[in-house]
Structures are given as C-alpha cells and as structure tokens.
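Peer 1: Below is the file entry_13.cif, with mmCIF, C-alpha atoms.
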data_target
#
loop_
_atom_site.label_atom_id
_atom_site.label_comp_id
_atom_site.auth_asym_id
_atom_site.auth_seq_id
_atom_site.Cartn_x
_atom_site.Cartn_y
_atom_site.Cartn_z
CA MET V 1 -23.24 9.65 21.51
CA LYS V 2 -21.07 12.68 21.10
CA SER V 3 -20.25 11.87 17.55
CA SER V 4 -23.87 11.36 16.49
CA ASN V 5 -24.70 14.80 17.89
CA SER V 6 -21.88 16.34 15.94
CA GLN V 7 -23.05 14.60 12.82
CA ASN V 8 -26.48 16.22 13.17
CA ASN V 9 -24.91 19.56 13.85
CA SER V 10 -22.74 19.34 10.79
CA LYS V 11 -25.84 19.28 8.61
CA ILE V 12 -26.92 22.71 9.81
CA PHE V 13 -23.51 24.30 10.30
CA PRO V 14 -21.88 25.62 7.19
CA LYS V 15 -19.05 23.33 6.10
CA VAL V 16 -16.26 25.87 5.88
CA PHE V 17 -14.09 26.17 8.98
CA LYS V 18 -11.24 28.51 9.83
CA ASP V 19 -8.51 25.97 10.53
CA ALA V 20 -7.75 22.45 11.78
CA THR V 21 -8.29 23.22 15.46
CA SER V 22 -11.76 24.67 14.88
CA ALA V 23 -12.72 21.83 12.52
CA LEU V 24 -11.69 19.23 15.11
CA PHE V 25 -13.42 21.00 18.04
CA ASP V 26 -15.45 17.95 19.09
CA PHE V 27 -12.84 15.25 18.41
CA LYS V 28 -12.41 13.31 21.64
CA SER V 29 -10.41 10.60 23.36
CA GLU V 30 -11.39 6.97 22.63
CA MET V 31 -12.55 7.88 19.12
CA THR V 32 -11.67 6.09 15.89
CA LEU V 33 -9.77 8.22 13.40
CA MET V 34 -9.04 7.57 9.73
CA SER V 35 -6.12 9.46 8.26
CA GLY V 36 -5.51 9.62 4.50
CA GLY V 37 -2.20 9.44 2.70
CA PHE V 38 0.29 6.89 1.42
CA GLY V 39 3.47 7.26 3.43
CA LEU V 40 3.74 11.05 3.62
CA CYS V 41 2.06 11.61 0.25
CA GLY V 42 -1.30 13.34 0.65
CA ILE V 43 -1.41 13.42 4.45
CA ALA V 44 -3.53 15.98 6.34
CA GLU V 45 -0.57 17.92 7.72
CA ASN V 46 -2.54 20.69 9.44
CA CYS V 47 -4.96 18.28 11.14
CA ILE V 48 -2.12 16.07 12.37
CA ASP V 49 -0.31 19.09 13.80
CA ALA V 50 -3.54 20.18 15.53
CA LEU V 51 -3.90 16.70 17.07
CA THR V 52 -0.44 16.98 18.61
CA GLN V 53 -1.73 19.99 20.56
CA MET V 54 -5.01 18.40 21.65
CA ASP V 55 -5.60 16.54 24.90
CA VAL V 56 -6.84 13.30 23.36
CA ASN V 57 -5.73 9.74 23.98
CA ASN V 58 -6.68 6.06 23.63
CA LEU V 59 -7.34 6.66 19.96
CA THR V 60 -7.90 3.95 17.38
CA VAL V 61 -6.19 5.06 14.19
CA ILE V 62 -6.80 3.63 10.72
CA SER V 63 -4.08 4.68 8.30
CA ASN V 64 -1.94 2.80 5.78
CA ASN V 65 1.43 3.63 7.38
CA ILE V 66 0.71 5.58 10.61
CA GLY V 67 3.25 8.09 9.35
CA ASN V 68 6.81 7.36 8.30
CA SER V 69 10.36 8.25 9.22
CA GLY V 70 9.35 10.20 12.33
CA ARG V 71 6.87 12.35 10.40
CA GLY V 72 3.12 12.50 9.81
CA LEU V 73 1.08 10.48 12.33
CA VAL V 74 4.30 9.42 14.07
CA LYS V 75 4.01 12.81 15.81
CA ILE V 76 0.97 11.60 17.78
CA LEU V 77 2.23 8.01 17.96
CA VAL V 78 5.26 9.12 19.98
CA GLN V 79 2.94 11.12 22.25
CA ASP V 80 1.34 7.74 23.10
CA LYS V 81 -2.07 8.95 22.00
CA ILE V 82 -2.76 5.84 19.92
CA LYS V 83 -4.11 2.72 21.61
CA LYS V 84 -4.77 0.65 18.52
CA ALA V 85 -3.74 0.99 14.90
CA PHE V 86 -4.97 -0.58 11.67
CA CYS V 87 -2.41 -0.40 8.87
CA SER V 88 -0.90 -2.45 6.05
CA TYR V 89 2.75 -1.54 6.12
CA VAL V 90 5.21 -0.85 8.93
CA GLY V 91 8.47 -0.83 6.95
CA GLY V 92 9.86 2.71 7.03
CA ASN V 93 8.22 3.45 10.38
CA PRO V 94 10.68 2.28 13.08
CA ASP V 95 8.75 4.12 15.83
CA LEU V 96 5.73 1.94 15.10
CA GLU V 97 7.71 -1.27 14.65
CA VAL V 98 9.40 -0.88 18.05
CA ARG V 99 6.11 -0.14 19.83
CA MET V 100 4.53 -3.09 18.09
CA LEU V 101 7.27 -5.57 18.98
CA ASN V 102 7.27 -4.30 22.60
CA LYS V 103 3.47 -4.60 22.66
CA LYS V 104 3.05 -0.95 23.64
CA ILE V 105 0.41 -0.56 20.99
CA GLU V 106 -2.06 -2.99 19.49
CA VAL V 107 -1.63 -3.23 15.73
CA GLU V 108 -3.89 -5.03 13.30
CA LEU V 109 -2.03 -5.51 10.04
CA VAL V 110 -4.43 -5.61 7.12
CA PRO V 111 -3.46 -6.46 3.52
CA GLN V 112 -3.60 -3.19 1.61
CA GLY V 113 -6.33 -4.20 -0.83
CA THR V 114 -8.45 -5.61 1.97
CA PHE V 115 -7.70 -2.46 3.98
CA SER V 116 -8.95 -0.14 1.23
CA GLU V 117 -11.96 -2.35 0.49
CA ARG V 118 -12.98 -2.60 4.17
CA ILE V 119 -12.95 1.20 4.30
CA ARG V 120 -14.82 1.53 1.01
CA ALA V 121 -17.37 -1.06 2.19
CA ALA V 122 -18.15 1.02 5.28
CA GLY V 123 -18.89 4.07 3.15
CA MET V 124 -20.96 2.05 0.69
CA GLY V 125 -23.13 0.30 3.27
CA ILE V 126 -21.59 -3.12 2.64
CA ARG V 127 -21.20 -5.00 5.94
CA ALA V 128 -18.65 -7.59 4.85
CA PHE V 129 -17.19 -9.36 1.83
CA TYR V 130 -15.27 -12.53 0.93
CA THR V 131 -11.77 -12.27 -0.55
CA PRO V 132 -9.03 -14.79 -1.37
CA THR V 133 -6.43 -12.32 -0.06
CA GLY V 134 -4.82 -13.64 3.11
CA TYR V 135 -6.27 -17.15 2.93
CA GLY V 136 -3.90 -19.64 4.63
CA THR V 137 -1.94 -16.88 6.39
CA LEU V 138 -1.85 -15.52 9.94
CA ILE V 139 -4.35 -12.81 9.08
CA ALA V 140 -7.01 -15.45 8.31
CA GLU V 141 -6.94 -16.77 11.89
CA GLY V 142 -10.40 -16.70 13.45
CA LYS V 143 -12.06 -15.58 10.22
CA GLU V 144 -14.83 -17.46 8.42
CA VAL V 145 -13.62 -19.36 5.35
CA LYS V 146 -15.89 -20.09 2.41
CA LEU V 147 -15.09 -21.92 -0.80
CA PHE V 148 -16.03 -20.14 -4.03
CA ASP V 149 -13.77 -20.86 -7.03
CA ARG V 150 -11.11 -20.94 -4.31
CA PRO V 151 -11.12 -20.49 -0.54
CA CYS V 152 -11.93 -16.97 0.63
CA ILE V 153 -12.06 -15.29 4.03
CA LEU V 154 -14.74 -13.00 5.39
CA GLU V 155 -13.64 -9.41 6.00
CA THR V 156 -15.83 -6.77 7.68
CA ALA V 157 -16.28 -3.05 7.02
CA LEU V 158 -14.08 -0.50 8.84
CA HIS V 159 -15.88 2.59 10.16
CA ALA V 160 -14.59 5.72 11.88
CA ASP V 161 -15.84 8.64 13.94
CA PHE V 162 -13.60 11.09 12.11
CA ALA V 163 -11.54 11.12 8.93
CA ILE V 164 -8.83 13.70 8.31
CA ILE V 165 -7.89 14.04 4.67
CA LYS V 166 -6.11 16.43 2.38
CA ALA V 167 -7.03 17.41 -1.17
CA GLN V 168 -5.32 19.81 -3.52
CA LYS V 169 -8.53 21.65 -4.31
CA GLY V 170 -11.99 21.75 -2.77
CA ASP V 171 -15.10 23.93 -3.00
CA THR V 172 -17.36 25.20 -0.24
CA PHE V 173 -19.75 22.25 -0.67
CA GLY V 174 -16.80 19.87 -0.13
CA ASN V 175 -16.38 18.66 -3.71
CA LEU V 176 -12.75 17.55 -4.01
CA TRP V 177 -10.01 17.27 -6.59
CA PHE V 178 -6.83 15.34 -5.73
CA LYS V 179 -3.43 15.77 -7.31
CA GLU V 180 -1.61 12.84 -8.92
CA THR V 181 -1.06 9.90 -6.54
CA ALA V 182 -2.10 11.91 -3.46
CA ARG V 183 -5.65 10.50 -3.79
CA ASN V 184 -4.88 7.00 -2.43
CA PHE V 185 -7.13 6.16 0.57
CA SER V 186 -8.58 9.64 1.11
CA PRO V 187 -11.86 9.47 -0.87
CA LEU V 188 -12.60 6.05 0.68
CA MET V 189 -12.00 7.32 4.20
CA ALA V 190 -14.16 10.37 3.54
CA MET V 191 -17.03 8.01 2.74
CA ALA V 192 -16.46 5.76 5.77
CA ALA V 193 -16.32 8.34 8.57
CA LYS V 194 -19.19 10.05 10.39
CA ILE V 195 -17.33 13.37 10.28
CA THR V 196 -14.87 14.00 7.46
CA VAL V 197 -12.57 16.98 7.90
CA VAL V 198 -10.83 18.04 4.72
CA GLU V 199 -7.94 20.43 4.39
CA VAL V 200 -7.16 21.85 0.97
CA GLU V 201 -4.40 23.92 -0.56
CA GLU V 202 -6.96 25.77 -2.68
CA LEU V 203 -10.48 26.51 -1.38
CA VAL V 204 -12.76 27.70 -4.19
CA ASP V 205 -16.42 28.61 -4.67
CA VAL V 206 -18.93 26.03 -5.82
CA GLY V 207 -18.93 25.84 -9.60
CA GLU V 208 -15.21 26.45 -9.95
CA ILE V 209 -14.40 22.76 -10.23
CA ALA V 210 -16.14 21.33 -13.29
CA PRO V 211 -18.64 18.62 -12.27
CA GLU V 212 -16.90 16.01 -14.39
CA ASP V 213 -13.57 16.77 -12.73
CA ILE V 214 -14.80 16.13 -9.18
CA HIS V 215 -13.06 13.08 -7.69
CA LEU V 216 -15.17 13.02 -4.53
CA PRO V 217 -18.66 14.59 -4.33
CA GLY V 218 -19.11 16.93 -1.36
CA ILE V 219 -21.90 14.86 0.18
CA PHE V 220 -19.15 12.82 1.87
CA VAL V 221 -17.49 15.89 3.39
CA GLN V 222 -18.75 17.53 6.59
CA ARG V 223 -16.03 20.12 7.18
CA ILE V 224 -13.45 21.84 5.01
CA PHE V 225 -10.80 24.48 5.55
CA LYS V 226 -7.91 26.03 3.68
CA GLY V 227 -4.69 24.68 5.13
CA SER V 228 -1.37 26.47 5.34
CA GLN V 229 2.38 25.94 5.51
CA TYR V 230 2.43 22.68 3.61
CA LYS V 231 5.70 20.79 3.61
CA ASN V 232 4.65 18.13 1.07
CA GLU V 233 7.69 16.10 2.00
CA ILE V 234 9.31 13.63 -0.37
CA GLU V 235 10.50 10.42 1.29
CA PHE V 236 12.82 9.17 -1.44
CA LEU V 237 13.86 11.75 -4.01
CA ILE V 238 15.17 10.01 -7.13
CA THR V 239 15.66 11.90 -10.38
CA GLU V 240 17.16 10.92 -13.72
CA ASP V 241 19.61 13.84 -13.67
CA MET B 1 29.42 -15.34 -12.19
CA PRO B 2 26.18 -14.48 -10.35
CA TRP B 3 24.03 -11.93 -12.16
CA THR B 4 23.96 -8.26 -11.19
CA ASN B 5 20.62 -6.71 -10.20
CA GLU B 6 20.39 -5.24 -13.71
CA GLU B 7 20.92 -8.65 -15.27
CA MET B 8 18.31 -10.16 -12.94
CA ALA B 9 15.87 -7.44 -14.00
CA ASP B 10 16.51 -8.29 -17.66
CA GLU B 11 15.79 -11.96 -16.92
CA VAL B 12 12.44 -10.95 -15.40
CA ILE B 13 11.62 -8.69 -18.35
CA GLN B 14 12.00 -11.65 -20.74
CA PHE B 15 8.81 -13.12 -19.26
CA PHE B 16 6.74 -10.03 -20.10
CA LYS B 17 4.63 -9.98 -23.23
CA PRO B 18 4.25 -6.71 -25.16
CA TYR B 19 1.26 -4.58 -24.13
CA CYS B 20 0.96 -6.31 -20.74
CA SER B 21 0.41 -4.69 -17.33
CA VAL B 22 2.99 -5.19 -14.59
CA ASN B 23 3.06 -4.35 -10.87
CA LEU B 24 6.51 -3.92 -9.37
CA GLY B 25 7.06 -4.52 -5.66
CA ILE B 26 9.10 -2.44 -3.26
CA GLY B 27 12.87 -2.93 -3.21
CA MET B 28 14.76 -4.92 -5.80
CA PRO B 29 11.95 -5.11 -8.42
CA THR B 30 11.73 -1.31 -8.80
CA ILE B 31 14.87 -1.38 -10.98
CA ILE B 32 12.77 -3.13 -13.65
CA ALA B 33 10.93 0.13 -14.36
CA GLU B 34 14.21 1.68 -15.46
CA ARG B 35 15.08 -1.18 -17.81
CA ILE B 36 11.81 -1.84 -19.63
CA THR B 37 12.14 -0.41 -23.13
CA ASP B 38 9.38 1.70 -24.70
CA ASP B 39 8.94 -0.71 -27.63
CA LEU B 40 7.34 -3.28 -25.28
CA ASN B 41 4.47 -0.84 -24.58
CA ILE B 42 4.12 -2.12 -21.04
CA MET B 43 1.88 -0.34 -18.54
CA ILE B 44 3.54 -0.36 -15.12
CA HIS B 45 1.11 -0.26 -12.20
CA SER B 46 1.95 0.98 -8.74
CA GLU B 47 -0.63 0.10 -6.12
CA ASN B 48 -0.68 3.51 -4.47
CA GLY B 49 -2.75 4.63 -7.46
CA VAL B 50 -1.01 4.99 -10.82
CA LEU B 51 -0.95 3.01 -14.07
CA GLY B 52 1.69 4.09 -16.59
CA VAL B 53 4.89 4.61 -14.57
CA ARG B 54 7.88 5.47 -16.73
CA GLY B 55 11.27 5.78 -15.03
CA ARG B 56 12.32 8.84 -13.06
CA PRO B 57 11.45 12.55 -13.21
CA SER B 58 13.99 15.30 -13.86
CA GLN B 59 14.81 17.82 -11.15
CA LYS B 60 12.45 20.19 -12.99
CA THR B 61 9.47 17.83 -13.22
CA VAL B 62 9.77 16.09 -9.84
CA SER B 63 6.56 16.25 -7.75
CA PRO B 64 6.00 15.28 -4.10
CA THR B 65 2.57 13.91 -5.03
CA LEU B 66 3.89 11.66 -7.82
CA ILE B 67 5.39 8.59 -6.17
CA ASN B 68 5.44 4.81 -6.44
CA ALA B 69 4.57 2.26 -3.75
CA GLY B 70 8.14 2.51 -2.44
CA LYS B 71 7.50 6.24 -1.80
CA GLU B 72 10.08 7.14 -4.46
CA THR B 73 9.54 9.94 -6.95
CA ILE B 74 8.56 8.72 -10.43
CA ALA B 75 7.57 9.93 -13.88
CA ILE B 76 4.62 8.78 -15.99
CA LYS B 77 4.09 8.19 -19.70
CA ALA B 78 1.35 9.16 -22.12
CA GLY B 79 -1.76 7.13 -21.39
CA ALA B 80 -1.12 7.05 -17.63
CA SER B 81 -3.95 7.40 -15.12
CA PHE B 82 -4.39 8.08 -11.40
CA PHE B 83 -7.01 6.49 -9.14
CA ASP B 84 -7.83 5.73 -5.51
CA SER B 85 -6.58 2.67 -3.57
CA SER B 86 -9.81 0.73 -3.92
CA LEU B 87 -9.80 0.96 -7.70
CA SER B 88 -6.08 0.19 -7.68
CA PHE B 89 -6.58 -3.02 -5.75
CA GLY B 90 -9.64 -3.81 -7.84
CA MET B 91 -7.24 -3.92 -10.79
CA ILE B 92 -5.11 -6.37 -8.81
CA ARG B 93 -7.74 -8.54 -7.14
CA GLY B 94 -9.96 -8.51 -10.20
CA GLY B 95 -7.27 -10.18 -12.29
CA HIS B 96 -6.52 -7.21 -14.55
CA ILE B 97 -2.78 -7.13 -13.79
CA ASP B 98 -0.80 -9.60 -15.91
CA TYR B 99 2.38 -9.87 -13.85
CA CYS B 100 3.55 -8.85 -10.42
CA VAL B 101 7.20 -8.93 -9.38
CA LEU B 102 7.87 -9.11 -5.66
CA GLY B 103 10.85 -9.48 -3.37
CA ALA B 104 10.84 -12.35 -0.87
CA MET B 105 12.34 -13.69 2.34
CA GLU B 106 11.55 -17.33 1.45
CA VAL B 107 9.92 -19.29 -1.38
CA ASP B 108 9.21 -23.01 -1.35
CA CYS B 109 8.74 -25.64 -4.06
CA LYS B 110 5.02 -25.85 -3.17
CA ARG B 111 4.79 -22.34 -4.66
CA ASN B 112 4.32 -20.72 -1.23
CA LEU B 113 5.74 -17.28 -0.45
CA ALA B 114 6.89 -15.63 2.82
CA ASN B 115 7.88 -11.97 2.71
CA TRP B 116 6.21 -9.91 5.41
CA MET B 117 7.49 -10.71 8.90
CA ILE B 118 10.01 -12.54 11.08
CA PRO B 119 8.14 -13.39 14.30
CA GLY B 120 9.46 -11.46 17.30
CA LYS B 121 12.20 -9.77 15.28
CA LYS B 122 10.95 -7.82 12.35
CA VAL B 123 7.62 -6.65 11.01
CA THR B 124 7.48 -4.89 7.69
CA GLY B 125 3.83 -5.68 7.10
CA MET B 126 2.41 -7.20 3.96
CA GLY B 127 1.44 -3.96 2.25
CA GLY B 128 -0.18 -5.04 -1.01
CA ALA B 129 1.70 -8.35 -1.33
CA MET B 130 -1.12 -10.65 -0.15
CA ASP B 131 -3.51 -9.05 -2.64
CA LEU B 132 -0.94 -9.10 -5.44
CA VAL B 133 -0.09 -12.79 -5.13
CA ASN B 134 -3.74 -13.79 -5.12
CA GLY B 135 -4.85 -11.44 -7.89
CA SER B 136 -2.11 -11.16 -10.51
CA LYS B 137 -2.17 -13.62 -13.40
CA GLN B 138 1.54 -14.45 -12.94
CA VAL B 139 3.67 -13.99 -9.83
CA ILE B 140 7.42 -13.57 -10.35
CA ILE B 141 9.75 -13.42 -7.36
CA MET B 142 12.99 -11.44 -7.74
CA MET B 143 15.27 -11.89 -4.75
CA ASN B 144 18.76 -12.63 -3.50
CA HIS B 145 19.43 -16.34 -3.57
CA PHE B 146 20.92 -16.45 -0.07
CA SER B 147 19.86 -15.01 3.29
CA LYS B 148 22.30 -12.92 5.35
CA ASN B 149 23.62 -16.07 7.04
CA GLY B 150 24.32 -17.69 3.67
CA ALA B 151 21.45 -20.18 3.50
CA ALA B 152 19.43 -20.60 0.31
CA LYS B 153 16.02 -18.90 0.42
CA LEU B 154 14.50 -21.52 -1.92
CA LEU B 155 13.20 -24.21 0.42
CA SER B 156 11.12 -27.38 0.60
CA ILE B 157 8.75 -25.51 2.94
CA CYS B 158 8.83 -21.89 4.16
CA ASN B 159 9.77 -21.39 7.82
CA LEU B 160 8.40 -17.85 8.04
CA PRO B 161 4.71 -16.87 8.06
CA PHE B 162 3.12 -17.21 4.63
CA THR B 163 2.14 -14.31 2.40
CA GLY B 164 0.21 -16.63 0.09
CA LEU B 165 -0.23 -20.34 -0.61
CA ASP B 166 0.40 -21.94 -4.00
CA VAL B 167 0.93 -18.60 -5.74
CA VAL B 168 4.54 -18.33 -7.04
CA ASP B 169 5.12 -19.00 -10.75
CA ILE B 170 8.78 -18.02 -11.30
CA VAL B 171 11.77 -17.20 -9.07
CA VAL B 172 14.68 -15.15 -10.40
CA THR B 173 17.81 -14.90 -8.23
CA GLU B 174 21.37 -13.85 -9.01
CA MET B 175 22.11 -17.57 -9.52
CA GLY B 176 19.39 -18.53 -11.98
CA VAL B 177 15.74 -18.79 -12.95
CA PHE B 178 13.57 -21.38 -11.21
CA LYS B 179 10.02 -22.66 -11.53
CA PRO B 180 8.44 -24.20 -8.42
CA ASN B 181 6.10 -27.01 -9.57
CA GLY B 182 4.62 -28.30 -6.30
CA SER B 183 7.36 -30.81 -5.49
CA HIS B 184 10.55 -29.36 -7.03
CA PHE B 185 12.21 -26.23 -8.30
CA GLU B 186 12.76 -26.76 -12.01
CA VAL B 187 15.95 -25.03 -13.11
CA LEU B 188 15.04 -23.01 -16.19
CA LYS B 189 18.39 -21.25 -16.45
CA LEU B 190 21.60 -20.74 -14.46
CA ALA B 191 23.92 -17.74 -14.58
CA GLN B 192 27.08 -18.46 -16.53
CA GLY B 193 29.55 -20.61 -14.58
CA ILE B 194 27.07 -21.44 -11.81
CA SER B 195 26.56 -25.13 -11.02
CA SER B 196 23.84 -26.92 -9.04
CA GLU B 197 26.21 -27.20 -6.04
CA ASP B 198 26.62 -23.43 -5.92
CA LEU B 199 22.87 -23.08 -5.28
CA LYS B 200 23.23 -24.67 -1.79
CA MET B 201 19.68 -25.99 -2.06
CA GLU B 202 18.36 -29.33 -0.84
CA MET B 203 19.19 -31.58 -3.77
CA SER B 204 15.91 -33.49 -3.37
CA ILE B 205 13.89 -30.40 -4.37
CA LEU B 206 16.04 -29.48 -7.36
CA LYS B 207 15.12 -30.67 -10.83
CA ASN B 208 17.53 -29.93 -13.65
#
Reformat the file's structure so that it appears as structure tokens.

Peer 2:
Amino acid sequence: MKSSNSQNNSKIFPKVFKDATSALFDFKSEMTLMSGGFGLCGIAENCIDALTQMDVNNLTVISNNIGNSGRGLVKILVQDKIKKAFCSYVGGNPDLEVRMLNKKIEVELVPQGTFSERIRAAGMGIRAFYTPTGYGTLIAEGKEVKLFDRPCILETALHADFAIIKAQKGDTFGNLWFKETARNFSPLMAMAAKITVVEVEELVDVGEIAPEDIHLPGIFVQRIFKGSQYKNEIEFLITED
Amino acid sequence: MPWTNEEMADEVIQFFKPYCSVNLGIGMPTIIAERITDDLNIMIHSENGVLGVRGRPSQKTVSPTLINAGKETIAIKAGASFFDSSLSFGMIRGGHIDYCVLGAMEVDCKRNLANWMIPGKKVTGMGGAMDLVNGSKQVIIMMNHFSKNGAAKLLSICNLPFTGLDVVDIVVTEMGVFKPNGSHFEVLKLAQGISSEDLKMEMSILKN
C-alpha cells in the first residue's frame, strides 16, 4: 500500500533529491530492496550508509553478493536488518556465509544468469521463463520442468519495492551513464523496482548526455541525487608493475 | 613431475582456436588471461560485463570500476565492450561463448560437475557457473587433481551437489589432460614422468 502511494507521488514530485536519506524517506521495514553492484564495484555507497542509520528491519534484499569483505551491504547485514536474501555468490562474504550456515538468515541462491534474467523479466513485464540453467541441481527442486531441445526449469520474475543503484553520471530526468564494468545489475534493477533511487557522481542537466550515449533511459528512474565521499574500493588490486 | 599452474594454463590454451571467445572462471583459470598471446586474437569474456579482457593494468591505468568476475583489477584491449549482466549472460546462455574454463571440487566420468557447495560446511554459491556450463559450447575444467585430504577429484560419480549434468568436455589437472566420455575418463595426456598409478583414480573409470 505504502509503496504504491509513493509510486504515484514520485510522478508529481521532481526527481532530484538532496541526498540518500531524503530519497529513501518512505522506505520501510518488510520491504524488498534491490541493490546494484558486483562485489563492491558500482554499489550505491551513500544509500547503503543511509540504511545503516534507518530504523528498518525484516528486509528482503536482492543483490548479487550482499556486500563483500565486511563492506557494502554487509553493513546492514551485521545489523540484522535482512530477513531474506537473494544472491548468486557468497564466496568472499564470510559474514553472510556464517549467518547462512547457522540459519540466521534465509538465503535463496540463484545462478547469476538466472538472477539477472529474473530481474530483467520483472522490468520487462515477463512473468516467467524456461532455462536449462540449474536443471538436475538442488536449485531445480520444486520447479516445473519442461523438455524443449533439452530439459529446462521454470523461473519467475523478481520484483522489488525499491532499488538503490549508482551511476557515474545522470541527468535530472534520470538518464544514466555507467562507467566500465560498474553497470552490471544496476540498469536491470532500475527497471524491476517500483521506486528506483539513483546516486551519481556527476549530476548534469538534461541534454548534457548525448541521447545515443544513455545506457538507461530516465523513465526507469524515480529519484536521483548527487552522492558524495565515494570510496570506490578495489577488492583485489593486481597490476602488471 | 606434475605441471605448474602456468603449464596447466598452457595445456588449456592449446584447446582454443584463434578468434574464439573464452570465459575464465574465478580462481585458477584467471591465470590463463595472462598467458594467452595476442596472435591468437582471443576475446576474453568476464561475466560481470566485459568482453575483451587483456591482462593487468599498470598502477597509472588501474580503475576501481574495471574488474573481472573475481573482483580483480584488469585491463582491456582494443575492440573491448562493456554491458549489463543480462546481456552478459545472454552471451553465455545464448551459445555465443566458445569456451569456458572453470575450477571444480569434483568431476565425474558421466561429465557431471560439482563446484558450488559442501553441504553444512561451505557455501560459495554458484555465481555464473550453472549458466556457463549449460551455455558455453565447450566446458574445460582446470583444477587440482587431489582434494586437501589427498583423494582424486575425478570420480565415477560426484558426491557433492551438482553444478550441471553431462556438461564437462575436458579436465586439465597438474597430472594430465582427461576427457570424460560417459563411462570413463580417457587419458589424453599425462605430465612427464606421471603414471596411471600416480593418478589415484578408480582404475575401472580410467581409459588409457
């Protein structure tokens, strides 16, 4: 209920917000949250920090890694704000692995391609799809199997109340440009959530990003703000010299 | 003498055809990116959203937003492209990637792979492995021959939860190169001085 109200509001409010806290003003307990980024690359640092200060709990979080190495979403994981997580990879996130093995959090592991496609499907209005990925494995348990050229399992779309994503550059309509491999799941999540909150390093006027350079059209973005104090952490720094 | 990781990588590279596309898994296979020579014109794919990986950056060119699926900093070559995760896995699932090279916990002669969890003990998650084994044209496993307790990881049937069924084409270990054919592991090559006994595999599944 709350979230559908906010969605209507977002169409009349201007999209540009002051900061993460103001852009997440109506984010509540029990909601489903998508969070962009691959490991720590391209995560919404300001929004995650704001969530650590908010009185929200019993969240369902959809994110590839749920943070890593004590950073990113691990900050709210260790505050026990997450009830259920959807992710594809736990390696590198000991805080999540321990909670998972001790059954302190419910985790649904989703193969990464199926994960991204379930999110994309939600944004595209596709209810479900058949894929060979995962056939004959634990993740196929309880899922419908259908034989095409080979056996496939039925996977359903993944929706969210909110998505928090980061882009390098965005304009006041919400058109986004991502840097290098920081794009990953973010445009898909922006399409799948009712309210997408975007933080950018550079906030520009409409027209400043050439139309053919826009990676995600602003129609998928409800709120945008210029973030600050980015750490842009590197997990494994390897150079040739 | 068992092969070094570099020598194992070179064994894997011998399977690649010029101008092919290759996805390299996390861990041991990443070394392959540093040993592929430019003359092969291979496009290396990393599932986090880049095609055209080329070795490592310098301290001057390193970027926190330019990483591979192992979250390590990388460099790219001319012709490289960036894309979102859906398009990236479309390349995989759609059959556009020629080879993937993955690490493994266990492989069996029925071409099954296990590499994502040890029930009750360890969960790494499958990441992109389940998509890769079902989508790539050829699946090459690059792994240590023995587990930590010294048992061979090439089995008649995997004990651990499957990543994919009937998907593995080639297995490269420090001991040799093997081809699972449904009932046996055919030995394609052994490292110099290694004999069948050294492999510590069930003899009934070994075919010289």

Peer 1: For chain B, which residues have at least one atom within 9 Å of chain V, if we go by all atoms listed in the file? Write them as an MDAnalysis selection string, please.

Peer 2: chainID B and resid 47:50 55:59 62:74 81:86 88:90 92:93 120:135 161:165

Peer 1: Please determine, counting only C-alpha atoms, which residue among B:Asn5, B:Gln14, B:Gln192, B:Thr61 has the shortest atom-to-atom distance to Thr30 of chain B.

Peer 2: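 Of B:Asn5, B:Gln14, B:Gln192, B:Thr61, the one nearest Thr30 of chain B is B:Asn5, counting only C-alpha atoms.
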
Peer 1: As an exercise, work out the distance from atom CA of Met124 of chain V to atom CA of Phe220 of chain V in Å and give it to one decimal place.

Peer 2: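 Distance reported for this atom pair: 11.0 Å.
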
Peer 1: Kindly resolve the PyMOL selection byres ((chain B and resi 106) around 7) on the present coordinates and return the residues as a list in words.

Peer 2: Ala104, Met105, Val107, Asp108, Leu113, Ala114, Asn115, Lys153, Leu154 and Cys158 of chain B

Peer 1: For the selection just defined, write its residues with C-alpha atoms to a file, as a PDB file, in the coordinates of the input.

Peer 2:
ATOM      1  CA  ALA B 104      10.840 -12.350  -0.870  1.00  0.00           C
ATOM      2  CA  MET B 105      12.340 -13.690   2.340  1.00  0.00           C
ATOM      3  CA  VAL B 107       9.920 -19.290  -1.380  1.00  0.00           C
ATOM      4  CA  ASP B 108       9.210 -23.010  -1.350  1.00  0.00           C
ATOM      5  CA  LEU B 113       5.740 -17.280  -0.450  1.00  0.00           C
ATOM      6  CA  ALA B 114       6.890 -15.630   2.820  1.00  0.00           C
ATOM      7  CA  ASN B 115       7.880 -11.970   2.710  1.00  0.00           C
ATOM      8  CA  LYS B 153      16.020 -18.900   0.420  1.00  0.00           C
ATOM      9  CA  LEU B 154      14.500 -21.520  -1.920  1.00  0.00           C
ATOM     10  CA  CYS B 158       8.830 -21.890   4.160  1.00  0.00           C
TER      11      CYS B 158
END

Peer 1: Identify all residues satisfying the PyMOL selection byres ((chain V and resi 146) around 12) in the given file; provide them as a ChimeraX atom specification.

Peer 2: /V:129-132,135,140,143-145,147-155

Peer 1: Any chance you could export the current selection's C-alpha atoms as a compact mmCIF listing (two decimals), in the coordinates of the input?

Peer 2:
# COMPACT_ATOMS: atom_id res chain seq x y z
CA PHE V 129 -17.19 -9.36 1.83
CA TYR V 130 -15.27 -12.53 0.93
CA THR V 131 -11.77 -12.27 -0.55
CA PRO V 132 -9.03 -14.79 -1.37
CA TYR V 135 -6.27 -17.15 2.93
CA ALA V 140 -7.01 -15.45 8.31
CA LYS V 143 -12.06 -15.58 10.22
CA GLU V 144 -14.83 -17.46 8.42
CA VAL V 145 -13.62 -19.36 5.35
CA LEU V 147 -15.09 -21.92 -0.80
CA PHE V 148 -16.03 -20.14 -4.03
CA ASP V 149 -13.77 -20.86 -7.03
CA ARG V 150 -11.11 -20.94 -4.31
CA PRO V 151 -11.12 -20.49 -0.54
CA CYS V 152 -11.93 -16.97 0.63
CA ILE V 153 -12.06 -15.29 4.03
CA LEU V 154 -14.74 -13.00 5.39
CA GLU V 155 -13.64 -9.41 6.00

Peer 1: Please write as a list in words the full residue list that the PyMOL selection byres ((chain V and resi 105) around 8) yields on this file.

Peer 2: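 With the PyMOL selection byres ((chain V and resi 105) around 8) on this model, the match is Ile82, Lys83, Lys84, Ala85, Arg99, Met100, Asn102, Lys103, Lys104, Glu106 and Val107 of chain V.
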
Peer 1: Would you compute the distance between atom CA of Asp39 of chain B and atom CA of Pro18 of chain B? Give it in Å to one decimal.

Peer 2: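 Interatomic distance here is 8.0 Å.
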
Peer 1: Is there a way to get, as a ChimeraX atom specification, all residues within 10 Å of the point (-15.9, 20.7, 6.2) in file coordinates, counting only C-alpha atoms?

Peer 2: /V:10,13-18,23-24,170-174,195-199,218,220-226

Peer 1: Of the residues B:Val167, B:Cys20, B:Met143, B:Leu206, which is the one nearest to Gly103 of chain B, using all atoms listed in the file?

Peer 2: B:Met143
